[in-house]
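Trainee: Below is a structure I'd like to ask you about.
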Amino acid sequence: TAVVAGSIVPLFVGSATLTFGMRALLTKMVEIFPAAADVPPPVGAPLLGRVFKTTSEPHVGDVTLFRLYAGTLKNGADVWNAEHEVAEKLNHLSVQQGRERTEVGVLHAGDIGSVAKLRDTHTGDTFCLRDTPVRLAPIPFPEAVASAAVVVKQRGEEDKLAAGLHKLHEEDPTFHFEYNSELRQTLIHGMGERHFEILLGRLTQKYGVHADLARPRIAYRETFKGKAEGQGKHKKQSGGRGQYGDCWIRIAPRPRGAGYEFVDKIVGGVIPNKYIPAVDRGIQESAERGVVAGYPVVDFQVECFDGSYHDVDSNEMSFKMAGILAFRTVAPKARPVLLEPLADLEVWTPEDVLGDVMGDLSARRGQILGTEADGRLTKVRAVLPESELYRYSTTLYSITHGRGTYRHGFHGYVEAPPDVAARVAEEHKEEQGH
């Protein structure tokens, strides 16, 4: 009665590696945990089930495991997926025992069943009857805290990598992946390095894709600290009609987060109106390629204040080239600097290792904002460069003996210290050399 009411939670002690305590656990689950008939269904629906796991098996495809909360389910029955509003047919309804599946004719409330090859059903989805649709509250999965890049060992396996990672995400919703076009890397997000190692092992065993973890690139930005002006002139004469574009621009910094602004200060038609947007496009295109280390330039203003044109040889492309040349000429004189992204960090740690955790954060160029008691743990708030977060989960696990946790979010951009800017610029130079 107390277990059904939620007023007590049974606690069992055992050893997974030595298999001690398993028989006692299973016996007591039968004795004291409520059967489906002892607990009213969550929402009074005639049929209610939830998918709690998806696995992928060779020669079979995706296998969906679900718990039936209410009603009975016959082999071959149609159910309604309330999340995606689609009907699914449950053919070859089975119960799972380890790797073996045994087909059954019917499942009752409380049973755990499995079915293969559902088209639109995923982990966490609810199914019910179409005329009594129900959506259960989502399963609260922990947020991903660690990130890494993943690189295939053999060229040409990129497509297989994406397909394998998609399958792994279906099986494990705490794991996410994305291809970041700016960084030109496939990034994976999960619970830590150990999590990633297990996933890459499964990627090899199940999908034949061999991949390694790599350090994720950082989305640096660039901006200006000073003002400068100068000319961009594009002039080409190679028989027949030539090309001619000429503009003078001023570059000035804007406040952090203010973005890019183009100001048209042309008077007297020295550049015809129809060509001015082309100058703007040229400047923006050139700014994307950076000045210091090849990263996009942000938070600056450009005034186009003078120029000249040719009646015959001027066109949009010529003025776009003039804009590109003007930016390349003026930008190095406007004191360009590298900006690095910062992360807001919250770390929960036992009091006895608080000093070690804070010392490690300081060594990672972190700025401690404060500490406060949070239950049995102490919460540390800090801001630190994103580049210093790589493998942090492993370090924190080591310092706190597995008792510490953390989460992080984007804070903003600040000017990188000179040594960091020099290192990033050197790495960019080497990359360009390759």
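Here, A, B, ... name the chains of the structure tokens in the order displayed, residue numbers run from 1 inside each chain, and ligands are numbered from 1 in the same displayed order.
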Skip segment 107-113 of chain A itself and residues of its chain fewer than 2 positions away, then list as a list in words all residues within 9 Å of it, counting only C-alpha atoms.
Mentor: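 So, after excluding close chain neighbours, the residues are Ala35, Ala36, Ala37, Leu47, Leu48, Gly49, Thr64, Leu65, Phe66, Arg67, Leu68, Tyr69, Ala70, Gly71, Thr72, Leu73, Lys74, Asn75, Leu93, Ser94, Val95, Gln96, Val104, Gly105 and Val115 of chain A.
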Trainee: Report the residues of segment 31-280 of chain A whose backbone DSSP state falls under strand (DSSP E or B), written as number ranges by chain.
Mentor: A: 48-57, 61-70, 72-74, 78-81, 86-89, 94-97, 100-103, 106-108, 112-116, 126-129, 132, 146-152, 176-180, 185-190, 211-214, 221-224, 228-236, 243-253, 261-264
Trainee: List the neighbours of Ala116 of chain A out to 12 Å using only C-alpha atoms; skip same-chain residues closer than 4 positions along the sequence, and give me the result as a PDB file with N, CA and C atoms, in the first residue's frame.
Mentor:
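The result, written out as part_17.pdb:
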```pdb
ATOM      1  N   THR A  54      14.149   1.954 -27.848  1.00  0.00           N
ATOM      2  CA  THR A  54      14.231   1.498 -29.242  1.00  0.00           C
ATOM      3  C   THR A  54      15.621   0.924 -29.457  1.00  0.00           C
ATOM      4  N   THR A  55      15.697  -0.279 -30.005  1.00  0.00           N
ATOM      5  CA  THR A  55      17.004  -0.858 -30.335  1.00  0.00           C
ATOM      6  C   THR A  55      17.012  -1.198 -31.816  1.00  0.00           C
ATOM      7  N   SER A  56      18.204  -1.318 -32.357  1.00  0.00           N
ATOM      8  CA  SER A  56      18.335  -1.661 -33.770  1.00  0.00           C
ATOM      9  C   SER A  56      19.070  -2.991 -33.863  1.00  0.00           C
ATOM     10  N   GLU A  57      18.491  -3.949 -34.593  1.00  0.00           N
ATOM     11  CA  GLU A  57      19.100  -5.276 -34.706  1.00  0.00           C
ATOM     12  C   GLU A  57      19.380  -5.583 -36.172  1.00  0.00           C
ATOM     13  N   PRO A  58      20.537  -6.214 -36.450  1.00  0.00           N
ATOM     14  CA  PRO A  58      20.827  -6.588 -37.835  1.00  0.00           C
ATOM     15  C   PRO A  58      19.762  -7.558 -38.355  1.00  0.00           C
ATOM     16  N   HIS A  59      19.413  -7.436 -39.606  1.00  0.00           N
ATOM     17  CA  HIS A  59      18.423  -8.291 -40.302  1.00  0.00           C
ATOM     18  C   HIS A  59      16.991  -8.088 -39.809  1.00  0.00           C
ATOM     19  N   VAL A  60      16.816  -7.269 -38.767  1.00  0.00           N
ATOM     20  CA  VAL A  60      15.455  -7.050 -38.241  1.00  0.00           C
ATOM     21  C   VAL A  60      15.063  -5.582 -38.402  1.00  0.00           C
ATOM     22  N   GLY A  61      16.003  -4.682 -38.110  1.00  0.00           N
ATOM     23  CA  GLY A  61      15.710  -3.237 -38.118  1.00  0.00           C
ATOM     24  C   GLY A  61      15.412  -2.750 -36.723  1.00  0.00           C
ATOM     25  N   ASP A  62      14.635  -1.682 -36.629  1.00  0.00           N
ATOM     26  CA  ASP A  62      14.326  -1.106 -35.323  1.00  0.00           C
ATOM     27  C   ASP A  62      13.329  -1.981 -34.571  1.00  0.00           C
ATOM     28  N   VAL A  63      13.653  -2.268 -33.300  1.00  0.00           N
ATOM     29  CA  VAL A  63      12.743  -3.010 -32.424  1.00  0.00           C
ATOM     30  C   VAL A  63      12.272  -2.052 -31.332  1.00  0.00           C
ATOM     31  N   THR A  64      10.951  -1.911 -31.195  1.00  0.00           N
ATOM     32  CA  THR A  64      10.348  -0.971 -30.255  1.00  0.00           C
ATOM     33  C   THR A  64       9.883  -1.723 -29.007  1.00  0.00           C
ATOM     34  N   LEU A  65      10.379  -1.318 -27.835  1.00  0.00           N
ATOM     35  CA  LEU A  65       9.921  -1.910 -26.566  1.00  0.00           C
ATOM     36  C   LEU A  65       8.977  -0.941 -25.880  1.00  0.00           C
ATOM     37  N   PHE A  66       7.857  -1.474 -25.378  1.00  0.00           N
ATOM     38  CA  PHE A  66       6.862  -0.599 -24.760  1.00  0.00           C
ATOM     39  C   PHE A  66       6.247  -1.267 -23.541  1.00  0.00           C
ATOM     40  N   GLY A  76      -1.309  -7.894 -34.245  1.00  0.00           N
ATOM     41  CA  GLY A  76      -1.849  -7.352 -35.483  1.00  0.00           C
ATOM     42  C   GLY A  76      -2.790  -6.173 -35.292  1.00  0.00           C
ATOM     43  N   GLU A  88      -0.357   2.916 -36.331  1.00  0.00           N
ATOM     44  CA  GLU A  88       0.685   1.904 -36.496  1.00  0.00           C
ATOM     45  C   GLU A  88       0.059   0.517 -36.313  1.00  0.00           C
ATOM     46  N   LYS A  89       0.467  -0.445 -37.126  1.00  0.00           N
ATOM     47  CA  LYS A  89      -0.020  -1.823 -36.999  1.00  0.00           C
ATOM     48  C   LYS A  89       1.033  -2.635 -36.254  1.00  0.00           C
ATOM     49  N   LEU A  90       0.619  -3.300 -35.159  1.00  0.00           N
ATOM     50  CA  LEU A  90       1.566  -4.041 -34.322  1.00  0.00           C
ATOM     51  C   LEU A  90       1.575  -5.511 -34.737  1.00  0.00           C
ATOM     52  N   ASN A  91       2.320  -5.805 -35.808  1.00  0.00           N
ATOM     53  CA  ASN A  91       2.470  -7.194 -36.258  1.00  0.00           C
ATOM     54  C   ASN A  91       3.579  -7.882 -35.477  1.00  0.00           C
ATOM     55  N   HIS A  92       3.477  -9.204 -35.360  1.00  0.00           N
ATOM     56  CA  HIS A  92       4.489 -10.014 -34.655  1.00  0.00           C
ATOM     57  C   HIS A  92       4.743  -9.471 -33.249  1.00  0.00           C
ATOM     58  N   LEU A  93       3.676  -9.278 -32.507  1.00  0.00           N
ATOM     59  CA  LEU A  93       3.760  -8.809 -31.115  1.00  0.00           C
ATOM     60  C   LEU A  93       4.535  -9.845 -30.302  1.00  0.00           C
ATOM     61  N   SER A  94       5.535  -9.398 -29.551  1.00  0.00           N
ATOM     62  CA  SER A  94       6.415 -10.348 -28.855  1.00  0.00           C
ATOM     63  C   SER A  94       6.703  -9.885 -27.438  1.00  0.00           C
ATOM     64  N   VAL A  95       7.213 -10.803 -26.637  1.00  0.00           N
ATOM     65  CA  VAL A  95       7.831 -10.442 -25.357  1.00  0.00           C
ATOM     66  C   VAL A  95       9.309 -10.786 -25.467  1.00  0.00           C
ATOM     67  N   GLN A  96      10.136  -9.983 -24.813  1.00  0.00           N
ATOM     68  CA  GLN A  96      11.581 -10.089 -24.969  1.00  0.00           C
ATOM     69  C   GLN A  96      12.173 -10.765 -23.745  1.00  0.00           C
ATOM     70  N   ARG A 101      13.188 -13.167 -28.678  1.00  0.00           N
ATOM     71  CA  ARG A 101      11.819 -12.644 -28.687  1.00  0.00           C
ATOM     72  C   ARG A 101      10.849 -13.788 -28.948  1.00  0.00           C
ATOM     73  N   GLU A 103       6.932 -14.637 -29.849  1.00  0.00           N
ATOM     74  CA  GLU A 103       5.685 -14.041 -30.335  1.00  0.00           C
ATOM     75  C   GLU A 103       4.517 -14.468 -29.448  1.00  0.00           C
ATOM     76  N   ASP A 120       6.794   5.337 -37.700  1.00  0.00           N
ATOM     77  CA  ASP A 120       6.818   6.703 -37.164  1.00  0.00           C
ATOM     78  C   ASP A 120       6.787   6.758 -35.640  1.00  0.00           C
ATOM     79  N   THR A 121       7.207   5.681 -34.987  1.00  0.00           N
ATOM     80  CA  THR A 121       7.141   5.630 -33.525  1.00  0.00           C
ATOM     81  C   THR A 121       8.551   5.630 -32.952  1.00  0.00           C
ATOM     82  N   HIS A 122       8.757   6.467 -31.936  1.00  0.00           N
ATOM     83  CA  HIS A 122      10.089   6.655 -31.361  1.00  0.00           C
ATOM     84  C   HIS A 122      10.017   6.581 -29.838  1.00  0.00           C
TER      85      HIS A 122
END
```
Trainee: When you look at segment 300-312 of chain A with a cut-off of 6 Å (counting only C-alpha atoms), what residues show up, excluding the ones that are within fewer than 4 positions of it in the same chain? I need them as number ranges by chain.
Mentor: A: 245-254, 260-266, 270-271
Trainee: Would you return as a ChimeraX atom specification the members of segment 197-372 of chain A that DSSP assigns to helix (DSSP H, G or I) on this structure's backbone?
Mentor: /A:197-207,273-288,316-333,351-363
Trainee: Taking into account only C-alpha atoms, which residue in the set A:Ala16, A:Ala144, A:Val51, A:Ala2 is nearest to His408 of chain A?
Mentor: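 Under the stated criterion, the closest residue is A:Ala144.
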Trainee: Quick one: residues within 10 Å of Val353 of chain A, only C-alpha atoms, excluding same-chain residues fewer than 6 positions away - as number ranges by chain?
Mentor: A: 359, 378, 399-401, 404
Trainee: Which segment 189-239 of chain A residues have any atom within 9 Å of an atom of segment 379-387 of chain A, and for each, what is the nearest pair of atoms with distance in Å to one decimal, counting only C-alpha atoms, rows sorted by chain and number, as CSV?
Mentor:
```
residue,atom,partner,partner_atom,distance
A:Pro216,CA,A:Ser387,CA,8.5
A:Arg217,CA,A:Ser387,CA,8.1
A:Ile218,CA,A:Ser387,CA,6.3
```
Trainee: Keeping only all heavy atoms, write the selected residues as a PDB file, in the first residue's frame.
Mentor:
```pdb
ATOM      1  N   PRO A 216      36.424  19.442 -30.388  1.00  0.00           N
ATOM      2  CA  PRO A 216      35.560  20.283 -31.232  1.00  0.00           C
ATOM      3  C   PRO A 216      36.223  21.628 -31.494  1.00  0.00           C
ATOM      4  O   PRO A 216      36.872  22.197 -30.616  1.00  0.00           O
ATOM      5  CB  PRO A 216      34.283  20.469 -30.411  1.00  0.00           C
ATOM      6  CG  PRO A 216      34.522  19.839 -29.095  1.00  0.00           C
ATOM      7  CD  PRO A 216      35.896  19.270 -29.048  1.00  0.00           C
ATOM      8  N   ARG A 217      36.082  22.126 -32.723  1.00  0.00           N
ATOM      9  CA  ARG A 217      36.569  23.476 -33.009  1.00  0.00           C
ATOM     10  C   ARG A 217      35.690  24.479 -32.273  1.00  0.00           C
ATOM     11  O   ARG A 217      34.546  24.180 -31.918  1.00  0.00           O
ATOM     12  CB  ARG A 217      36.525  23.747 -34.514  1.00  0.00           C
ATOM     13  CG  ARG A 217      37.456  22.839 -35.311  1.00  0.00           C
ATOM     14  CD  ARG A 217      37.528  23.253 -36.776  1.00  0.00           C
ATOM     15  NE  ARG A 217      38.363  22.330 -37.519  1.00  0.00           N
ATOM     16  CZ  ARG A 217      37.917  21.498 -38.450  1.00  0.00           C
ATOM     17  NH1 ARG A 217      36.645  21.480 -38.778  1.00  0.00           N
ATOM     18  NH2 ARG A 217      38.748  20.686 -39.081  1.00  0.00           N
ATOM     19  N   ILE A 218      36.216  25.663 -32.078  1.00  0.00           N
ATOM     20  CA  ILE A 218      35.489  26.699 -31.346  1.00  0.00           C
ATOM     21  C   ILE A 218      35.018  27.769 -32.324  1.00  0.00           C
ATOM     22  O   ILE A 218      35.757  28.169 -33.230  1.00  0.00           O
ATOM     23  CB  ILE A 218      36.404  27.335 -30.258  1.00  0.00           C
ATOM     24  CG1 ILE A 218      36.892  26.253 -29.282  1.00  0.00           C
ATOM     25  CG2 ILE A 218      35.672  28.437 -29.498  1.00  0.00           C
ATOM     26  CD1 ILE A 218      35.800  25.546 -28.500  1.00  0.00           C
TER      27      ILE A 218
END
```
Trainee: For segment 173-183 of chain A, find every residue with an atom within 7 Å (counting only C-alpha atoms), except residues of its own chain fewer than 3 positions away, and show them as a PDB file with all heavy atoms, in the first residue's frame.
Mentor:
```
ATOM      1  N   PHE A 141      14.571  12.969 -19.679  1.00  0.00           N
ATOM      2  CA  PHE A 141      15.942  12.493 -19.913  1.00  0.00           C
ATOM      3  C   PHE A 141      16.929  13.568 -19.467  1.00  0.00           C
ATOM      4  O   PHE A 141      16.661  14.759 -19.622  1.00  0.00           O
ATOM      5  CB  PHE A 141      16.160  12.194 -21.397  1.00  0.00           C
ATOM      6  CG  PHE A 141      15.360  11.027 -21.895  1.00  0.00           C
ATOM      7  CD1 PHE A 141      14.310  11.220 -22.777  1.00  0.00           C
ATOM      8  CD2 PHE A 141      15.646   9.738 -21.476  1.00  0.00           C
ATOM      9  CE1 PHE A 141      13.569  10.148 -23.243  1.00  0.00           C
ATOM     10  CE2 PHE A 141      14.904   8.660 -21.929  1.00  0.00           C
ATOM     11  CZ  PHE A 141      13.860   8.867 -22.809  1.00  0.00           C
ATOM     12  N   PRO A 142      18.081  13.165 -18.917  1.00  0.00           N
ATOM     13  CA  PRO A 142      19.070  14.177 -18.511  1.00  0.00           C
ATOM     14  C   PRO A 142      19.609  14.946 -19.708  1.00  0.00           C
ATOM     15  O   PRO A 142      19.705  14.404 -20.817  1.00  0.00           O
ATOM     16  CB  PRO A 142      20.186  13.358 -17.841  1.00  0.00           C
ATOM     17  CG  PRO A 142      19.968  11.955 -18.270  1.00  0.00           C
ATOM     18  CD  PRO A 142      18.522  11.795 -18.619  1.00  0.00           C
ATOM     19  N   GLU A 143      19.929  16.217 -19.478  1.00  0.00           N
ATOM     20  CA  GLU A 143      20.491  17.053 -20.554  1.00  0.00           C
ATOM     21  C   GLU A 143      21.924  16.638 -20.850  1.00  0.00           C
ATOM     22  O   GLU A 143      22.672  16.269 -19.949  1.00  0.00           O
ATOM     23  CB  GLU A 143      20.512  18.525 -20.107  1.00  0.00           C
ATOM     24  CG  GLU A 143      19.157  19.191 -20.067  1.00  0.00           C
ATOM     25  CD  GLU A 143      19.258  20.616 -19.544  1.00  0.00           C
ATOM     26  OE1 GLU A 143      20.299  21.264 -19.794  1.00  0.00           O
ATOM     27  OE2 GLU A 143      18.317  21.060 -18.874  1.00  0.00           O
ATOM     28  N   ALA A 144      22.300  16.732 -22.112  1.00  0.00           N
ATOM     29  CA  ALA A 144      23.693  16.464 -22.494  1.00  0.00           C
ATOM     30  C   ALA A 144      24.599  17.527 -21.875  1.00  0.00           C
ATOM     31  O   ALA A 144      24.261  18.705 -21.866  1.00  0.00           O
ATOM     32  CB  ALA A 144      23.825  16.483 -24.009  1.00  0.00           C
ATOM     33  N   HIS A 169      20.970   7.569 -31.717  1.00  0.00           N
ATOM     34  CA  HIS A 169      20.099   8.542 -31.051  1.00  0.00           C
ATOM     35  C   HIS A 169      18.719   7.940 -30.791  1.00  0.00           C
ATOM     36  O   HIS A 169      18.116   8.175 -29.746  1.00  0.00           O
ATOM     37  CB  HIS A 169      19.965   9.815 -31.889  1.00  0.00           C
ATOM     38  CG  HIS A 169      18.883  10.742 -31.402  1.00  0.00           C
ATOM     39  ND1 HIS A 169      18.969  11.399 -30.190  1.00  0.00           N
ATOM     40  CD2 HIS A 169      17.686  11.082 -31.934  1.00  0.00           C
ATOM     41  CE1 HIS A 169      17.865  12.118 -30.011  1.00  0.00           C
ATOM     42  NE2 HIS A 169      17.075  11.933 -31.057  1.00  0.00           N
ATOM     43  N   GLU A 170      18.214   7.157 -31.750  1.00  0.00           N
ATOM     44  CA  GLU A 170      16.921   6.481 -31.553  1.00  0.00           C
ATOM     45  C   GLU A 170      16.983   5.567 -30.336  1.00  0.00           C
ATOM     46  O   GLU A 170      16.028   5.463 -29.568  1.00  0.00           O
ATOM     47  CB  GLU A 170      16.565   5.656 -32.802  1.00  0.00           C
ATOM     48  CG  GLU A 170      16.033   6.469 -33.953  1.00  0.00           C
ATOM     49  CD  GLU A 170      14.610   6.958 -33.702  1.00  0.00           C
ATOM     50  OE1 GLU A 170      13.816   6.214 -33.111  1.00  0.00           O
ATOM     51  OE2 GLU A 170      14.297   8.098 -34.084  1.00  0.00           O
ATOM     52  N   THR A 186      31.299  17.070 -37.455  1.00  0.00           N
ATOM     53  CA  THR A 186      30.144  16.384 -36.857  1.00  0.00           C
ATOM     54  C   THR A 186      30.354  16.388 -35.346  1.00  0.00           C
ATOM     55  O   THR A 186      31.373  15.867 -34.856  1.00  0.00           O
ATOM     56  CB  THR A 186      30.033  14.944 -37.385  1.00  0.00           C
ATOM     57  OG1 THR A 186      29.811  14.994 -38.796  1.00  0.00           O
ATOM     58  CG2 THR A 186      28.869  14.218 -36.732  1.00  0.00           C
ATOM     59  N   LEU A 187      29.434  17.005 -34.626  1.00  0.00           N
ATOM     60  CA  LEU A 187      29.544  17.126 -33.166  1.00  0.00           C
ATOM     61  C   LEU A 187      28.571  16.167 -32.494  1.00  0.00           C
ATOM     62  O   LEU A 187      27.434  16.013 -32.943  1.00  0.00           O
ATOM     63  CB  LEU A 187      29.234  18.553 -32.718  1.00  0.00           C
ATOM     64  CG  LEU A 187      30.124  19.663 -33.297  1.00  0.00           C
ATOM     65  CD1 LEU A 187      29.674  21.020 -32.782  1.00  0.00           C
ATOM     66  CD2 LEU A 187      31.587  19.431 -32.941  1.00  0.00           C
ATOM     67  N   ILE A 188      29.028  15.511 -31.428  1.00  0.00           N
ATOM     68  CA  ILE A 188      28.145  14.658 -30.642  1.00  0.00           C
ATOM     69  C   ILE A 188      28.033  15.233 -29.233  1.00  0.00           C
ATOM     70  O   ILE A 188      28.987  15.812 -28.705  1.00  0.00           O
ATOM     71  CB  ILE A 188      28.613  13.193 -30.623  1.00  0.00           C
ATOM     72  CG1 ILE A 188      30.053  13.060 -30.088  1.00  0.00           C
ATOM     73  CG2 ILE A 188      28.526  12.579 -32.007  1.00  0.00           C
ATOM     74  CD1 ILE A 188      30.523  11.619 -29.971  1.00  0.00           C
ATOM     75  N   HIS A 189      26.848  15.100 -28.644  1.00  0.00           N
ATOM     76  CA  HIS A 189      26.575  15.652 -27.315  1.00  0.00           C
ATOM     77  C   HIS A 189      25.999  14.539 -26.445  1.00  0.00           C
ATOM     78  O   HIS A 189      25.088  13.828 -26.871  1.00  0.00           O
ATOM     79  CB  HIS A 189      25.567  16.806 -27.401  1.00  0.00           C
ATOM     80  CG  HIS A 189      25.902  17.821 -28.452  1.00  0.00           C
ATOM     81  ND1 HIS A 189      26.917  18.744 -28.293  1.00  0.00           N
ATOM     82  CD2 HIS A 189      25.390  18.048 -29.686  1.00  0.00           C
ATOM     83  CE1 HIS A 189      26.995  19.497 -29.377  1.00  0.00           C
ATOM     84  NE2 HIS A 189      26.075  19.088 -30.241  1.00  0.00           N
ATOM     85  N   GLY A 190      26.536  14.389 -25.247  1.00  0.00           N
ATOM     86  CA  GLY A 190      26.060  13.321 -24.368  1.00  0.00           C
ATOM     87  C   GLY A 190      26.471  13.555 -22.926  1.00  0.00           C
ATOM     88  O   GLY A 190      26.695  14.684 -22.500  1.00  0.00           O
ATOM     89  N   ARG A 217      36.082  22.126 -32.723  1.00  0.00           N
ATOM     90  CA  ARG A 217      36.569  23.476 -33.009  1.00  0.00           C
ATOM     91  C   ARG A 217      35.690  24.479 -32.273  1.00  0.00           C
ATOM     92  O   ARG A 217      34.546  24.180 -31.918  1.00  0.00           O
ATOM     93  CB  ARG A 217      36.525  23.747 -34.514  1.00  0.00           C
ATOM     94  CG  ARG A 217      37.456  22.839 -35.311  1.00  0.00           C
ATOM     95  CD  ARG A 217      37.528  23.253 -36.776  1.00  0.00           C
ATOM     96  NE  ARG A 217      38.363  22.330 -37.519  1.00  0.00           N
ATOM     97  CZ  ARG A 217      37.917  21.498 -38.450  1.00  0.00           C
ATOM     98  NH1 ARG A 217      36.645  21.480 -38.778  1.00  0.00           N
ATOM     99  NH2 ARG A 217      38.748  20.686 -39.081  1.00  0.00           N
ATOM    100  N   ALA A 219      33.787  28.241 -32.130  1.00  0.00           N
ATOM    101  CA  ALA A 219      33.211  29.263 -33.025  1.00  0.00           C
ATOM    102  C   ALA A 219      33.681  30.653 -32.588  1.00  0.00           C
ATOM    103  O   ALA A 219      32.933  31.438 -31.998  1.00  0.00           O
ATOM    104  CB  ALA A 219      31.689  29.184 -33.006  1.00  0.00           C
TER     105      ALA A 219
END
```
Trainee: Out of A:Arg215, A:Arg376, A:Arg328, A:Lys236, which residue has the shortest atom-to-atom distance to Arg391 of chain A when counting only C-alpha atoms?
Mentor: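 Looking at the shortest contact to Arg391 of chain A, the residue is A:Arg215.
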Trainee: Figure out the distance between atom CA of Leu339 of chain A and atom CA of Tyr413 of chain A, please, to one decimal in Å.
Mentor: 5.8 Å
